[in-house]
Amino acid sequence: MAKILCVLYADPVTGYPKTYARDSVPHITAYANGQTTPTPKAIDFVPGQMLGCVTGELGLRSFLKGLGHTLVVTSDKDGPNSTFEKELPDAEVVISQPFWPAYLTAERIAKAPKLKLAITAGIGSDHVDLAAAMKAGITVAEVTFSNSISVSEHVVMMILGLVRNYIPSYEWVLKKGWNIADCVSRSYDLEGMEVGTVAAGRIGLAVLRRLKPFDVKLHYTDQHRLSPAIEQELNLTYHPTAESMVKVCDVVTINCPLHPATEGMFNDALIAKMKKGAYIINTARGKICDRDAVVRALESGHLAGYAGDVWFPQPAPQDHPWRTMPHHGMTPHISGTSLSAQARYAAGTREILECFYDKKAIRNEYLIVDQGKLAGAGAHAYTAGNATKGSEDAARFTKK
């Protein structure tokens with residue numbers, strides 16, 4: 001039977017959880033656009049469990065074992081001697097997450113003649129060389145919308161964290177201080193600010209809806225313009241380009257996919273067009289921003305802050321300058337892997353596998369590449385090409 005190779009992030013340093021802070025997570029059956037949540041035939045886990053780490057196995061082992069397949073789960077994904085590299089040549093299916101991506105480069109795809117399906121347990125398949133996948137006839141699928149709201153909540157948190165100067169204020173508490181003047185010297189109200197999103201798809205639109213009650217002035221740019229009804233409902237100002245939008249915004253949140261057309265979009269030239277003292281929030285993909293341009297803008301004071309949940313590569317090397325640049329609010333890529341989100345993307349991964357092994361059509365909204373071309377969500381949001389160049393640098397994460 002087949003081998004399924006699954007790459008997940010490592011267990012907590014304290015060990016796999018024996019108990020949880022909450023006994024359950026809310027049960028959601030549909031998303032804001034009417035799309036239903038994943039509908040596998042069954043699940044072999046309790047929603048709210050840790051599923052995205054190696055021990056969690058996305059709750060797939062008994063299901064796949066029952067079909068006679070072999071499931072290999074590892075967090076060792078980078079470098080020529082990694083478990084992933086060694087197990088890949090005879091794998092039929094590769095499962096990975098955006099948070100700890102197994103980069104499927106053209107070179108790796110060439111080493112995997114049996115590979116038929118690459119699943120992203122979550123959203124965002126830029127860790128796959130899509131052009132190479134098309135050429136090889138590999139289907140690429142992801143669990144669309146499974147963690148979109150999770151990410152949008154993280155965006156709002158990061159905006160408030162930067163604008164209100166939360167992290168430095170919290171650090172004064174840890175230092176046993178009461179340094180109010182230090183805390184508020186970079187603290188402002190979000191109310192009345194101009195806030196814009198680059199892309200207003202599932203995540204970007206959810207961000208706009210959550211920001212409206214803050215009485216901010218909302219802007220967006222997207223290759224697919226929203227309906228007049230939504231623009232009127234949220235009092236949105238549409239901009240045909242990112243350049244025209246960032247000029248007027250105090251806060252810019254990036255919510256577009258990474259592909260060749262968006263790679264390096266926020267470079268020195270675009271950032272220079274932003275207001276002095278503006279903030280950037282990036283929970284999309286690290287490679288959409290020029291790494292060193294962001295550092296320069298923070299050091300010069302042109303940007304007041306940068307909060308990101310995404311890096312390139314992932315995991316980021318320990319000497320990555322975003323770890324130490326001033327006025328940042330960086331997190332490891334966690335926005336879309338809350339325990340609530342894990343239940344949905346684990347169920348969606350199983351649904352995709354059930355369809356694949358039952359020889360049934362995978363949901364169109366889950367498809368990125370199919371039958372040698374962009375399909376489904378991929379045709380709507382991506383361009384054909386490759387954004388994995390430089391991913392080999394992730395191997396430096398473990399090197400001191």
# chains A, B, ... in the order shown; residues from 1 in each chain; ligands from 1
>>> select_by_dssp(residues="region 21-88 of chain A", states="alpha helix (DSSP H)", output="list in words")
Arg61, Ser62, Phe63, Leu64, Lys65, Gly66, Thr83, Phe84, Glu85, Lys86 and Glu87 of chain A
>>> closest_atom_pairs(of="region 230-336 of chain A", to="region 202-218 of chain A", cutoff="7 Å", atoms="only C-alpha atoms", output="JSON lines")
{"residue": "A:Leu234", "atom": "CA", "partner": "A:Lys212", "partner_atom": "CA", "distance": 6.7}
{"residue": "A:Asn235", "atom": "CA", "partner": "A:Leu218", "partner_atom": "CA", "distance": 6.9}
{"residue": "A:Leu236", "atom": "CA", "partner": "A:Leu218", "partner_atom": "CA", "distance": 5.2}
{"residue": "A:Thr237", "atom": "CA", "partner": "A:Leu218", "partner_atom": "CA", "distance": 6.4}
{"residue": "A:Asn255", "atom": "CA", "partner": "A:Gly204", "partner_atom": "CA", "distance": 5.4}
>>> closest_atom_pairs(of="region 2-79 of chain A", to="region 347-371 of chain A", cutoff="8 Å", atoms="only C-alpha atoms", output="Markdown table")
| residue | atom | partner | partner_atom | distance |
| --- | --- | --- | --- | --- |
| A:Thr37 | CA | A:Gly348 | CA | 7.9 |
| A:Pro38 | CA | A:Gly348 | CA | 4.8 |
| A:Thr39 | CA | A:Glu351 | CA | 6.3 |
| A:Pro40 | CA | A:Glu351 | CA | 4.4 |
| A:Lys41 | CA | A:Glu351 | CA | 7.4 |
| A:Ile43 | CA | A:Ala347 | CA | 6.7 |
| A:Leu60 | CA | A:Arg350 | CA | 7.0 |
>>> residues_around(residues="region 16-31 of chain A", least_positions_apart="6", cutoff="7 Å", atoms="only C-alpha atoms", output="JSON, numbers by chain")
{"A": [37, 47, 48, 55, 340]}
>>> closest_residue(among="A:Gly305, A:Gly385, A:Pro326, A:Gly15", to="Leu162 (chain A)", atoms="only C-alpha atoms")
A:Gly305
>>> residues_around(residues="Ala307 (chain A)", least_positions_apart="3", cutoff="6 Å", atoms="only C-alpha atoms", output="list in words")
Ile281, His328, Gly329 and Met330 of chain A
>>> write_last_selection(atoms="C-alpha atoms", output="PDB file, in the first residue's frame")
ATOM      1  CA  ILE A 281       1.330  43.809  10.039  1.00  0.00           C
ATOM      2  CA  HIS A 328       8.795  44.643  16.394  1.00  0.00           C
ATOM      3  CA  GLY A 329       6.048  42.304  17.541  1.00  0.00           C
ATOM      4  CA  MET A 330       7.163  39.071  15.883  1.00  0.00           C
TER       5      MET A 330
END
